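Enquirer: Pasting final_5.txt here (compact mmCIF, C-alpha atoms):
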# COMPACT_ATOMS: atom_id res chain seq x y z
CA MET B 1 4.31 -19.00 -0.61
CA ASN B 2 4.86 -15.31 0.06
CA LEU B 3 8.57 -15.24 0.70
CA HIS B 4 10.92 -14.44 -2.12
CA ALA B 5 14.55 -13.57 -2.58
CA GLN B 6 15.81 -10.62 -4.59
CA ASN B 7 19.56 -10.28 -4.67
CA THR B 8 19.84 -7.36 -7.07
CA LEU B 9 17.84 -4.17 -6.70
CA THR B 10 16.19 -2.73 -9.77
CA GLU B 11 16.86 0.80 -11.01
CA ALA B 12 13.77 2.08 -9.21
CA GLU B 13 14.57 0.24 -5.97
CA THR B 14 18.14 1.58 -6.04
CA ALA B 15 16.86 5.11 -6.65
CA LEU B 16 14.57 4.86 -3.62
CA VAL B 17 17.29 3.53 -1.33
CA ASP B 18 19.92 6.02 -2.53
CA GLY B 19 17.38 8.84 -2.54
CA TYR B 20 16.82 8.45 1.19
CA SER B 21 20.42 9.39 1.94
CA SER B 22 20.26 12.50 -0.19
CA ARG B 23 16.86 13.57 1.21
CA PHE B 24 17.46 12.72 4.85
CA SER B 25 18.62 16.19 5.96
CA ASP B 26 15.45 17.78 4.49
CA LEU B 27 12.98 15.43 6.17
CA PRO B 28 11.26 16.65 9.36
CA GLY B 29 10.95 14.52 12.49
CA ASP B 30 12.35 13.84 15.93
CA ALA B 31 14.55 10.87 16.88
CA GLU B 32 11.62 8.44 17.08
CA VAL B 33 10.40 9.46 13.64
CA THR B 34 13.90 8.92 12.30
CA VAL B 35 13.87 5.39 13.72
CA ARG B 36 10.62 4.69 11.88
CA ARG B 37 11.99 6.12 8.66
CA ASP B 38 15.05 3.91 8.96
CA GLU B 39 12.86 0.85 9.51
CA ALA B 40 10.90 1.70 6.38
CA LEU B 41 14.13 2.03 4.44
CA GLU B 42 15.20 -1.45 5.54
CA LEU B 43 11.99 -2.81 4.00
CA LEU B 44 12.73 -1.00 0.76
CA LYS B 45 16.23 -2.52 0.69
CA LYS B 46 14.56 -5.95 0.51
CA GLY B 47 12.89 -4.99 -2.75
CA LEU B 48 9.41 -4.06 -3.91
CA PRO B 49 6.66 -6.72 -3.96
CA THR B 50 6.13 -8.89 -7.01
CA ARG B 51 3.19 -10.93 -8.31
CA ARG B 52 4.38 -13.79 -6.08
CA ILE B 53 2.91 -11.85 -3.17
CA GLU B 54 -0.81 -12.55 -3.00
CA ALA B 55 -1.81 -8.94 -2.33
CA TRP B 56 0.26 -7.79 -5.32
CA HIS B 57 -0.56 -10.64 -7.69
CA TYR B 58 -2.25 -8.39 -10.26
CA THR B 59 0.09 -5.43 -9.78
CA ASP B 60 3.71 -6.50 -9.95
CA LEU B 61 5.14 -3.31 -8.46
CA ARG B 62 8.75 -4.37 -8.95
CA ARG B 63 8.17 -4.76 -12.68
CA LEU B 64 5.72 -1.92 -13.25
CA LEU B 65 7.64 0.74 -11.30
CA SER B 66 10.59 0.77 -13.68
CA SER B 67 12.02 4.18 -12.69
CA VAL B 68 11.64 6.84 -10.02
CA PRO B 69 11.80 10.58 -10.81
CA GLU B 70 13.92 12.98 -8.78
CA PHE B 71 12.55 15.51 -6.32
CA LYS B 72 11.76 18.98 -7.65
CA PRO B 73 11.69 22.45 -6.04
CA VAL B 74 8.70 22.98 -3.79
CA ASN B 75 7.46 26.15 -5.47
CA ASP B 76 6.60 24.64 -8.85
CA ALA B 77 3.11 23.33 -8.00
CA GLU B 78 -0.09 25.34 -7.62
CA ALA B 79 -3.32 24.56 -5.79
CA VAL B 80 -6.32 23.61 -7.92
CA ALA B 81 -9.84 24.99 -7.76
CA PRO B 82 -11.86 23.17 -5.09
CA LEU B 83 -14.42 20.57 -6.12
CA ILE B 84 -17.09 22.39 -4.09
CA GLU B 85 -17.02 26.17 -4.35
CA ASN B 86 -17.17 27.02 -0.64
CA ALA B 87 -14.71 24.35 0.54
CA LEU B 88 -11.87 25.19 2.91
CA VAL B 89 -8.76 24.24 0.91
CA LEU B 90 -5.63 22.86 2.59
CA PRO B 91 -3.02 22.45 -0.16
CA VAL B 92 0.17 20.38 -0.06
CA LEU B 93 2.31 21.55 -2.99
CA ASN B 94 5.19 19.33 -4.04
CA GLY B 95 5.24 17.82 -0.58
CA THR B 96 4.98 21.02 1.45
CA SER B 97 1.89 22.48 3.13
CA HIS B 98 1.79 26.13 2.09
CA GLU B 99 -1.17 27.44 4.01
CA ARG B 100 -2.80 27.04 7.38
CA PRO B 101 -6.03 29.02 7.21
CA ALA B 102 -8.19 29.66 10.22
CA ALA B 103 -9.80 26.44 11.34
CA PRO B 104 -13.60 26.17 11.46
CA GLU B 105 -15.12 26.55 14.90
CA GLY B 106 -14.62 23.34 16.84
CA ALA B 107 -11.69 22.16 14.71
CA THR B 108 -7.91 22.37 14.94
CA ILE B 109 -5.52 22.37 11.98
CA ALA B 110 -1.79 21.70 12.11
CA THR B 111 0.76 20.86 9.45
CA LEU B 112 2.14 17.36 9.44
CA ALA B 113 5.69 18.72 9.45
CA GLU B 114 4.94 20.24 12.86
CA LYS B 115 3.57 16.93 14.13
CA LEU B 116 6.60 15.07 12.80
CA GLN B 117 8.90 17.47 14.66
CA GLU B 118 6.87 16.87 17.82
CA GLY B 119 7.12 13.12 17.34
CA ALA B 120 3.34 12.81 17.20
CA LEU B 121 3.70 10.55 14.18
CA SER B 122 5.78 7.70 15.46
CA ALA B 123 5.08 4.04 16.23
CA ASN B 124 1.38 3.97 15.40
CA TRP B 125 1.61 6.03 12.25
CA LEU B 126 4.91 5.50 10.45
CA THR B 127 5.06 1.74 10.72
CA ALA B 128 4.41 -0.39 7.64
CA SER B 129 1.72 -2.97 8.29
CA ASP B 130 3.91 -5.83 7.02
CA ARG B 131 7.00 -6.68 4.96
CA PHE B 132 5.13 -6.05 1.70
CA ASP B 133 3.40 -2.81 2.66
CA ALA B 134 5.28 -0.96 -0.08
CA VAL B 135 2.95 2.06 -0.08
CA GLY B 136 3.31 2.52 3.67
CA ALA B 137 7.08 1.98 3.60
CA ILE B 138 7.84 4.41 0.75
CA ASN B 139 5.65 7.05 2.32
CA ALA B 140 7.03 6.53 5.84
CA ALA B 141 10.59 6.91 4.60
CA PHE B 142 10.02 10.08 2.57
CA VAL B 143 6.89 11.83 3.88
CA SER B 144 7.65 15.49 4.37
CA ASP B 145 4.35 17.19 5.11
CA GLY B 146 0.59 17.14 5.00
CA TYR B 147 -2.17 18.19 7.37
CA TRP B 148 -3.50 17.15 10.75
CA LEU B 149 -7.17 17.95 11.39
CA GLU B 150 -8.91 17.49 14.74
CA ILE B 151 -12.69 17.83 14.92
CA ALA B 152 -13.96 18.31 18.44
CA GLU B 153 -16.67 16.20 20.07
CA GLY B 154 -20.17 17.08 18.90
CA THR B 155 -18.94 19.52 16.24
CA GLU B 156 -20.57 19.70 12.84
CA ILE B 157 -18.38 21.39 10.22
CA GLU B 158 -20.70 22.97 7.69
CA ARG B 159 -18.08 23.81 5.03
CA PRO B 160 -16.41 20.88 3.25
CA VAL B 161 -12.68 20.64 3.93
CA GLU B 162 -10.57 19.88 0.84
CA LEU B 163 -7.15 18.32 1.34
CA GLN B 164 -4.99 18.70 -1.76
CA ASN B 165 -1.81 16.80 -2.59
CA ILE B 166 -0.56 18.52 -5.75
CA HIS B 167 2.66 17.95 -7.66
CA ALA B 168 4.46 19.44 -10.63
CA GLY B 169 6.33 16.26 -11.44
CA GLY B 170 9.12 14.60 -9.45
CA GLN B 171 8.42 12.93 -6.11
CA VAL B 172 5.72 13.91 -3.63
CA HIS B 173 5.03 12.07 -0.37
CA GLY B 174 2.26 13.45 1.82
CA ARG B 175 0.00 12.35 4.67
CA PHE B 176 -3.30 13.44 6.09
CA VAL B 177 -4.49 12.66 9.59
CA VAL B 178 -8.10 13.40 10.56
CA ASN B 179 -9.60 12.68 13.96
CA ALA B 180 -13.39 13.09 14.05
CA ALA B 181 -14.33 12.93 17.71
CA ALA B 182 -17.53 11.43 19.10
CA GLY B 183 -20.72 12.86 17.69
CA SER B 184 -18.99 15.05 15.11
CA LYS B 185 -19.95 15.41 11.45
CA ALA B 186 -17.90 16.52 8.44
CA THR B 187 -17.42 16.29 4.69
CA ILE B 188 -13.81 15.85 3.60
CA ILE B 189 -12.59 16.00 0.01
CA GLU B 190 -9.17 14.60 -0.85
CA ARG B 191 -7.57 15.58 -4.18
CA GLN B 192 -4.60 13.74 -5.65
CA THR B 193 -3.41 15.34 -8.87
CA GLY B 194 -0.64 17.25 -10.65
CA VAL B 195 1.21 17.59 -13.92
CA GLY B 196 4.14 15.71 -15.39
CA ASP B 197 6.07 12.53 -14.67
CA ALA B 198 5.77 11.86 -10.97
CA LEU B 199 5.88 9.36 -8.14
CA ALA B 200 3.22 10.50 -5.69
CA THR B 201 2.42 8.63 -2.50
CA SER B 202 -0.20 9.56 0.05
CA VAL B 203 -1.33 7.93 3.27
CA THR B 204 -4.50 8.99 5.07
CA HIS B 205 -5.47 8.08 8.62
CA LEU B 206 -9.06 8.70 9.66
CA ASP B 207 -10.47 7.97 13.09
CA VAL B 208 -14.27 8.16 13.27
CA GLY B 209 -15.33 8.43 16.91
CA ASP B 210 -18.44 6.98 18.53
CA GLY B 211 -21.56 8.32 16.84
CA ALA B 212 -19.56 10.45 14.38
CA ASP B 213 -20.56 10.78 10.72
CA VAL B 214 -17.95 11.39 7.99
CA PHE B 215 -18.45 11.71 4.24
CA TRP B 216 -15.10 11.39 2.43
CA ILE B 217 -14.58 11.98 -1.30
CA LEU B 218 -11.26 10.88 -2.81
CA LEU B 219 -10.50 12.17 -6.32
CA GLN B 220 -7.44 10.70 -7.98
CA GLU B 221 -6.78 12.46 -11.30
CA GLN B 222 -3.10 12.01 -12.05
CA PRO B 223 -1.60 12.81 -15.46
CA ASP B 224 -1.02 9.92 -17.86
CA ASP B 225 2.71 9.62 -17.05
CA ALA B 226 2.45 9.65 -13.25
CA THR B 227 2.54 6.89 -10.67
CA TYR B 228 0.27 7.21 -7.65
CA LEU B 229 0.43 4.93 -4.62
CA GLY B 230 -2.25 5.73 -2.06
CA GLN B 231 -3.41 4.26 1.21
CA PHE B 232 -6.61 5.19 3.06
CA THR B 233 -7.03 3.76 6.55
CA ALA B 234 -10.02 4.28 8.81
CA SER B 235 -11.21 3.10 12.21
CA LEU B 236 -14.92 3.26 13.06
CA GLY B 237 -16.25 3.71 16.58
CA LYS B 238 -19.58 2.62 18.06
CA ASP B 239 -22.65 3.70 16.03
CA SER B 240 -20.44 5.73 13.71
CA SER B 241 -20.84 6.12 9.97
CA LEU B 242 -18.32 6.54 7.14
CA THR B 243 -19.21 6.99 3.48
CA LEU B 244 -16.16 6.85 1.20
CA PHE B 245 -16.45 7.71 -2.47
CA ILE B 246 -13.43 7.12 -4.75
CA LEU B 247 -13.03 8.36 -8.31
CA ASN B 248 -9.95 7.18 -10.21
CA SER B 249 -9.61 8.79 -13.62
CA GLY B 250 -5.95 9.13 -14.49
CA GLY B 251 -2.41 7.98 -13.93
CA LYS B 252 -0.08 5.52 -15.62
CA LEU B 253 0.26 3.26 -12.58
CA VAL B 254 -2.20 3.59 -9.72
CA ARG B 255 -2.58 1.56 -6.55
CA GLN B 256 -5.25 2.75 -4.12
CA GLU B 257 -5.45 0.74 -0.93
CA VAL B 258 -8.41 1.00 1.45
CA LYS B 259 -8.08 -0.47 4.93
CA VAL B 260 -11.06 -0.06 7.24
CA VAL B 261 -11.71 -1.48 10.68
CA ALA B 262 -15.28 -1.49 12.00
CA ARG B 263 -14.27 -1.72 15.66
CA GLY B 264 -17.41 -0.27 17.22
CA GLU B 265 -20.75 -2.02 17.63
CA GLY B 266 -23.39 -0.64 15.28
CA SER B 267 -20.90 1.10 12.98
CA GLU B 268 -21.58 1.42 9.25
CA PHE B 269 -19.21 1.70 6.30
CA LYS B 270 -20.31 2.54 2.79
CA LEU B 271 -17.82 2.47 -0.11
CA ARG B 272 -18.77 3.66 -3.56
CA GLY B 273 -16.20 3.87 -6.32
CA VAL B 274 -15.74 4.60 -10.00
CA ASN B 275 -12.70 3.69 -12.05
CA LEU B 276 -12.47 5.40 -15.44
CA LEU B 277 -9.57 3.71 -17.19
CA GLY B 278 -8.24 4.67 -20.60
CA GLY B 279 -5.02 4.72 -22.61
CA GLU B 280 -2.45 2.35 -21.09
CA ALA B 281 -3.36 2.98 -17.47
CA HIS B 282 -3.01 0.30 -14.82
CA CYS B 283 -5.26 0.95 -11.82
CA ASP B 284 -5.50 -1.31 -8.77
CA VAL B 285 -7.99 -0.78 -5.95
CA THR B 286 -7.33 -3.14 -3.06
CA MET B 287 -9.61 -3.09 -0.02
CA VAL B 288 -9.42 -4.93 3.29
CA LEU B 289 -12.37 -4.49 5.66
CA ASP B 290 -12.40 -5.95 9.16
CA HIS B 291 -15.66 -6.33 11.06
CA LEU B 292 -14.54 -6.61 14.68
CA ALA B 293 -17.80 -5.86 16.54
CA PRO B 294 -21.43 -7.06 16.48
CA ASP B 295 -24.19 -5.47 14.40
CA THR B 296 -21.91 -3.72 11.92
CA VAL B 297 -22.94 -3.00 8.35
CA SER B 298 -20.90 -2.48 5.19
CA THR B 299 -21.71 -2.14 1.50
CA GLU B 300 -19.11 -1.72 -1.26
CA THR B 301 -19.96 -1.03 -4.89
CA PHE B 302 -17.47 -0.28 -7.65
CA ARG B 303 -18.28 0.57 -11.26
CA ASN B 304 -15.45 0.37 -13.79
CA VAL B 305 -15.21 1.61 -17.36
CA VAL B 306 -12.26 0.27 -19.33
CA THR B 307 -11.21 1.41 -22.79
CA GLY B 308 -8.03 1.47 -24.88
CA LYS B 309 -5.25 -0.76 -23.49
CA ALA B 310 -6.07 -0.02 -19.87
CA ASN B 311 -6.10 -2.65 -17.15
CA GLY B 312 -7.97 -2.53 -13.89
CA VAL B 313 -7.91 -4.52 -10.67
CA PHE B 314 -10.32 -4.72 -7.76
CA GLN B 315 -9.37 -6.86 -4.78
CA GLY B 316 -11.88 -6.73 -1.96
CA GLN B 317 -11.48 -8.73 1.21
CA ILE B 318 -14.09 -8.71 3.98
CA ARG B 319 -13.06 -10.34 7.23
CA VAL B 320 -15.63 -11.03 9.95
CA ALA B 321 -14.33 -11.84 13.42
CA LYS B 322 -16.02 -14.45 15.62
CA ILE B 323 -17.35 -11.74 17.92
CA ALA B 324 -18.91 -9.81 15.02
CA GLN B 325 -22.30 -11.53 15.06
CA LYS B 326 -25.14 -9.97 13.03
CA THR B 327 -22.67 -8.49 10.54
CA ASP B 328 -24.29 -7.43 7.28
CA ALA B 329 -21.71 -7.07 4.50
CA LYS B 330 -22.24 -6.79 0.76
CA MET B 331 -19.71 -6.19 -2.00
CA ALA B 332 -20.16 -5.76 -5.77
CA CYS B 333 -17.80 -4.96 -8.63
CA ASN B 334 -19.28 -4.27 -12.08
CA THR B 335 -17.20 -3.56 -15.16
CA LEU B 336 -18.01 -2.18 -18.57
CA LEU B 337 -15.29 -3.37 -20.95
CA LEU B 338 -15.29 -1.24 -24.09
CA SER B 339 -12.11 -2.49 -25.74
CA ASP B 340 -10.76 -5.88 -26.77
CA GLU B 341 -7.29 -4.73 -25.70
CA GLY B 342 -8.34 -3.67 -22.22
CA GLY B 343 -8.79 -5.92 -19.22
CA PHE B 344 -10.12 -6.05 -15.68
CA SER B 345 -9.44 -8.50 -12.84
CA SER B 346 -11.79 -8.80 -9.88
CA LYS B 347 -11.03 -10.77 -6.75
CA PRO B 348 -13.69 -10.57 -4.01
CA GLU B 349 -13.04 -12.53 -0.81
CA LEU B 350 -14.98 -13.33 2.36
CA GLU B 351 -13.30 -14.62 5.50
CA ILE B 352 -15.99 -15.30 8.10
CA PHE B 353 -15.55 -16.66 11.63
CA ALA B 354 -18.98 -15.67 12.99
CA ASP B 355 -21.98 -17.93 12.36
CA ASP B 356 -24.87 -15.45 12.37
CA VAL B 357 -24.11 -13.07 9.52
CA ALA B 358 -25.43 -11.99 6.12
CA CYS B 359 -22.50 -11.58 3.74
CA GLY B 360 -22.18 -11.79 0.00
CA HIS B 361 -20.30 -10.53 -3.04
CA GLY B 362 -20.64 -10.44 -6.80
CA ALA B 363 -18.73 -9.35 -9.87
CA THR B 364 -19.70 -8.82 -13.51
CA VAL B 365 -17.89 -7.87 -16.72
CA THR B 366 -19.89 -6.88 -19.77
CA ASP B 367 -20.01 -4.77 -22.93
CA ILE B 368 -22.71 -2.27 -23.85
CA GLU B 369 -26.05 -3.98 -24.41
CA GLU B 370 -26.76 -3.90 -28.16
CA ASP B 371 -30.52 -3.77 -27.51
CA HIS B 372 -30.11 -0.61 -25.46
CA LEU B 373 -27.88 0.91 -28.12
CA PHE B 374 -30.40 0.07 -30.82
CA TYR B 375 -33.21 1.60 -28.75
CA LEU B 376 -31.43 4.96 -28.55
CA MET B 377 -30.24 4.96 -32.18
CA ALA B 378 -33.76 4.15 -33.36
CA ARG B 379 -34.77 7.51 -31.84
CA GLY B 380 -32.35 9.48 -33.95
CA ILE B 381 -29.35 9.51 -31.59
CA ASP B 382 -26.03 8.85 -33.32
CA GLU B 383 -24.01 5.84 -32.18
CA LYS B 384 -21.22 7.75 -30.40
CA THR B 385 -23.69 9.83 -28.40
CA ALA B 386 -25.80 6.78 -27.61
CA ARG B 387 -22.77 4.85 -26.33
CA GLY B 388 -21.79 7.86 -24.22
CA LEU B 389 -25.24 8.05 -22.65
CA LEU B 390 -25.22 4.36 -21.75
CA VAL B 391 -21.73 4.53 -20.23
CA LYS B 392 -22.63 7.62 -18.23
CA ALA B 393 -25.81 5.97 -16.95
CA PHE B 394 -23.80 2.91 -15.86
CA VAL B 395 -21.48 5.06 -13.76
CA ALA B 396 -23.88 7.78 -12.65
CA GLU B 397 -26.03 5.24 -10.81
CA VAL B 398 -23.32 4.95 -8.17
CA ILE B 399 -22.75 8.69 -7.90
CA GLU B 400 -26.44 9.45 -7.52
CA GLU B 401 -26.52 7.31 -4.38
CA LEU B 402 -24.57 10.00 -2.58
CA GLU B 403 -27.73 12.11 -2.04
CA ASP B 404 -25.89 15.45 -2.04
CA GLU B 405 -26.92 17.38 -5.14
CA ILE B 406 -23.93 19.74 -5.07
CA VAL B 407 -21.50 16.84 -4.80
CA ILE B 408 -23.34 14.82 -7.44
CA GLU B 409 -23.26 17.74 -9.86
CA ALA B 410 -19.54 18.31 -9.30
CA LEU B 411 -18.69 14.62 -9.78
CA GLU B 412 -20.81 14.29 -12.89
CA ALA B 413 -18.89 17.21 -14.37
CA ARG B 414 -15.71 15.13 -13.90
CA LEU B 415 -17.41 12.29 -15.78
CA VAL B 416 -18.23 14.59 -18.67
CA ASP B 417 -14.61 15.75 -18.86
CA TRP B 418 -13.33 12.17 -18.94
CA PHE B 419 -15.87 11.03 -21.53
CA ALA B 420 -14.94 13.99 -23.73
CA ALA B 421 -11.29 12.90 -23.61
CA HIS B 422 -11.90 9.16 -24.05
CA GLY B 423 -15.27 8.88 -25.75
Would you write the structure of this file as structure tokens?
Expert:
Amino acid sequence: MNLHAQNTLTEAETALVDGYSSRFSDLPGDAEVTVRRDEALELLKKGLPTRRIEAWHYTDLRRLLSSVPEFKPVNDAEAVAPLIENALVLPVLNGTSHERPAAPEGATIATLAEKLQEGALSANWLTASDRFDAVGAINAAFVSDGYWLEIAEGTEIERPVELQNIHAGGQVHGRFVVNAAAGSKATIIERQTGVGDALATSVTHLDVGDGADVFWILLQEQPDDATYLGQFTASLGKDSSLTLFILNSGGKLVRQEVKVVARGEGSEFKLRGVNLLGGEAHCDVTMVLDHLAPDTVSTETFRNVVTGKANGVFQGQIRVAKIAQKTDAKMACNTLLLSDEGGFSSKPELEIFADDVACGHGATVTDIEEDHLFYLMARGIDEKTARGLLVKAFVAEVIEELEDEIVIEALEARLVDWFAAHG
């Protein structure tokens, strides 16, 4: 049963509700946007979801989000170096977009604050998907800025575009909206990071038009005392393609939601992800994928490395509508558990209403193979180095699927940094 009653708000819930009143005059938006913000606030007044809610069973947000930091001045944060050297960087610093560089040919860039003032983000964008869409509700109530990127029909953007949501502690609530029109092609990099104790939320909307091809990299590298609540939503048109790569390697409490709708016949979605979990981190990746058209294809593979007292969660739900005949959907979640005090929960689900499909899922949890370790040590490699090589090989297999040498090199450098800190 999903309904529950909460008569008394927690400290964090109270801070969110009271914080809306104090922030209201600083939040951009027309009358319609204000209505949507108020609706989101009403959801927050009912309390954050608990483990009684199926979608939040492994991440009791009401219990885990014990406090909420205050907002800080906007000038404290600085943009970070781009993942790819020649990327066009669009930084959101402590909730405010500070630059609007010249858009690539065939593209249009606007700040989200401008779109909020115009009312462009109203019913379809600032509405929580349901009563327990806590990520959507918090962000809708407090979002202040972000970027809006339009890619014209048939346009191929050669330079990667890097969207940065950077904080210096406190609260940051940003959004990115990207519309890739029919036949377009682009590589988008999304960075979620900062320094200090923070509550950072981010919601991304991506529309992939008919025949369009988008490669999206999402790097979440929050500091150890930060909470990050993210939501990535995408809609795929006919014969379109979306490859989404997610790297989670930081944060105290992380919830990354992925919601994808394959609405166009012949569309393809590929999700590859790596969770590097150490310390006392709690990281939850929850995905819902809807196949709503025939002949659609999806593959999802996550590799997780857990050490220390960290806990990880992967919930993956694939739903195939009756009309979506010939759907081909595969999902796998593999975990390397390096500590007796760490843990990982995997919950794959298939909900199929079509009768001519090929769908499957699998999940594994294991330690390092002693035979493999012995093989390396027998060749003069010390145990720590040998373990590091095996862990890196476990993760790198997913990264190397991306087939872009520059991207692979940049991501493997992030692996090296994490292994150096947690090896």
Enquirer: So, counting all atoms listed in the file, which residue among B:Leu61, B:Met287, B:Val172, B:Ala329 is closest to B:Phe132?
Expert: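 Between B:Leu61, B:Met287, B:Val172, B:Ala329, the residue approaching B:Phe132 most closely is B:Leu61.
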Enquirer: Taking only C-alpha atoms into account, name the residue in B:Asp328, B:Glu158, B:Glu412, B:Asp18 that is nearest to B:Ala393.
Expert: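 Going through B:Asp328, B:Glu158, B:Glu412, B:Asp18 one by one, the smallest distance to B:Ala393 is for B:Glu412.
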Enquirer: Looking at B:Ala87, B:Ile151, B:Ala140, B:Gly170, which one is nearest to B:Glu190, with distances taken over all atoms listed in the file?
Expert: B:Ala87
Enquirer: If you measure from atom CA of B:Leu219 to atom CA of B:Lys259, what distance in Å do you get, rounded to one decimal?
Expert: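 Pair atom CA of B:Leu219 / atom CA of B:Lys259 returns 17.1 Å.
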Enquirer: Using all atoms listed in the file, which residue out of B:Arg303, B:His282, B:Arg379, B:Arg175 lies closest to B:Thr227?
Expert: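 Checking each of B:Arg303, B:His282, B:Arg379, B:Arg175 against B:Thr227, counting all atoms listed in the file, the winner is B:His282.
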Enquirer: Which residues are close to B:Phe353, i.e. within 10 Å by only C-alpha atoms, leaving aside same-chain residues fewer than 6 positions away? Reply as number ranges by chain.
Expert: B: 319-325
Enquirer: For the selection just defined, write its residues with C-alpha atoms to a file, as a PDB file, keeping the file's coordinate frame.
Expert:
ATOM      1  CA  ARG B 319     -13.060 -10.340   7.230  1.00  0.00           C
ATOM      2  CA  VAL B 320     -15.630 -11.030   9.950  1.00  0.00           C
ATOM      3  CA  ALA B 321     -14.330 -11.840  13.420  1.00  0.00           C
ATOM      4  CA  LYS B 322     -16.020 -14.450  15.620  1.00  0.00           C
ATOM      5  CA  ILE B 323     -17.350 -11.740  17.920  1.00  0.00           C
ATOM      6  CA  ALA B 324     -18.910  -9.810  15.020  1.00  0.00           C
ATOM      7  CA  GLN B 325     -22.300 -11.530  15.060  1.00  0.00           C
TER       8      GLN B 325
END
Enquirer: Got a sec: who's within 8 Å of B:His167, counting all atoms listed in the file, leaving out chain neighbours fewer than 4 positions off, as a count of residues only?
Expert: 13
Enquirer: Skip B:Asp207 itself and residues of its chain fewer than 2 positions away, then list as a PyMOL selection string all residues within 6 Å of it, counting only C-alpha atoms.
Expert: chain B and resi 179-180+234-235
Enquirer: Name the residues in contact with B:Asn334 at a cut-off of 9 Å, using all atoms listed in the file, excluding same-chain residues fewer than 2 positions from it; report them as a PyMOL selection string.
Expert: chain B and resi 301-305+332+336+362-366
Enquirer: Pick out the closest residue to B:Ile246 from this set: B:His98, B:Arg131, B:Lys46, B:Arg191. Count all atoms listed in the file.
Expert: B:Arg191
Enquirer: Can you pull out the residues contacting B:His205? Cut-off 7 Å, using all atoms listed in the file, and skip same-chain residues under 5 positions away; I want them as a list in words.
Expert: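 My reading of the contact set: Phe176, Val177, Val178, Phe232, Thr233 and Ala234 of chain B.
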Enquirer: Take the residues from that selection and put them in a file with C-alpha atoms, as a compact mmCIF listing (two decimals), keeping the file's coordinate frame.
Expert:
# COMPACT_ATOMS: atom_id res chain seq x y z
CA PHE B 176 -3.30 13.44 6.09
CA VAL B 177 -4.49 12.66 9.59
CA VAL B 178 -8.10 13.40 10.56
CA PHE B 232 -6.61 5.19 3.06
CA THR B 233 -7.03 3.76 6.55
CA ALA B 234 -10.02 4.28 8.81
Enquirer: Taking (-26.0, -5.3, 3.4) in the file's own coordinates, collect the residues within 10 Å, counting only C-alpha atoms, and hand them back as a PyMOL selection string.
Expert: chain B and resi 268+270+296-300+327-331+358-360
Enquirer: For a quick check of understanding, using all atoms listed in the file, which of B:Leu244, B:Leu43, B:Ala152, B:Val35 has the smallest distance to B:Glu105?
Expert: B:Ala152
Enquirer: As an exercise, work out the distance from atom CA of B:Trp216 to atom CA of B:Leu242 in Å and give it to one decimal place.
Expert: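 Separating atom CA of B:Trp216 from atom CA of B:Leu242 is a distance of 7.5 Å.
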Enquirer: Hey, can you check how far atom CA of B:Gly316 sits from atom CA of B:Ser345?
Expert: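 Atom CA of B:Ser345 lies at a distance of 11.3 Å from atom CA of B:Gly316.
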Enquirer: Taking (-13.9, 8.3, -3.1) in the coordinates of the supplied file, I want to know which residues reach to within 9 Å of it, counting all atoms listed in the file; could you give the answer as a PyMOL selection string?
Expert: chain B and resi 189-190+216-220+243-248+271-274
Enquirer: Taking all atoms of stretch 385-401 of chain B that the file lists, what box with edges along x, y and z, padded by 8 Å per side, do you get, with centre and edge lengths in Å to one decimal, as AutoDock Vina command-line options?
Expert:
--center_x -24.0 --center_y 6.4 --center_z -16.4 --size_x 21.0 --size_y 22.9 --size_z 40.0
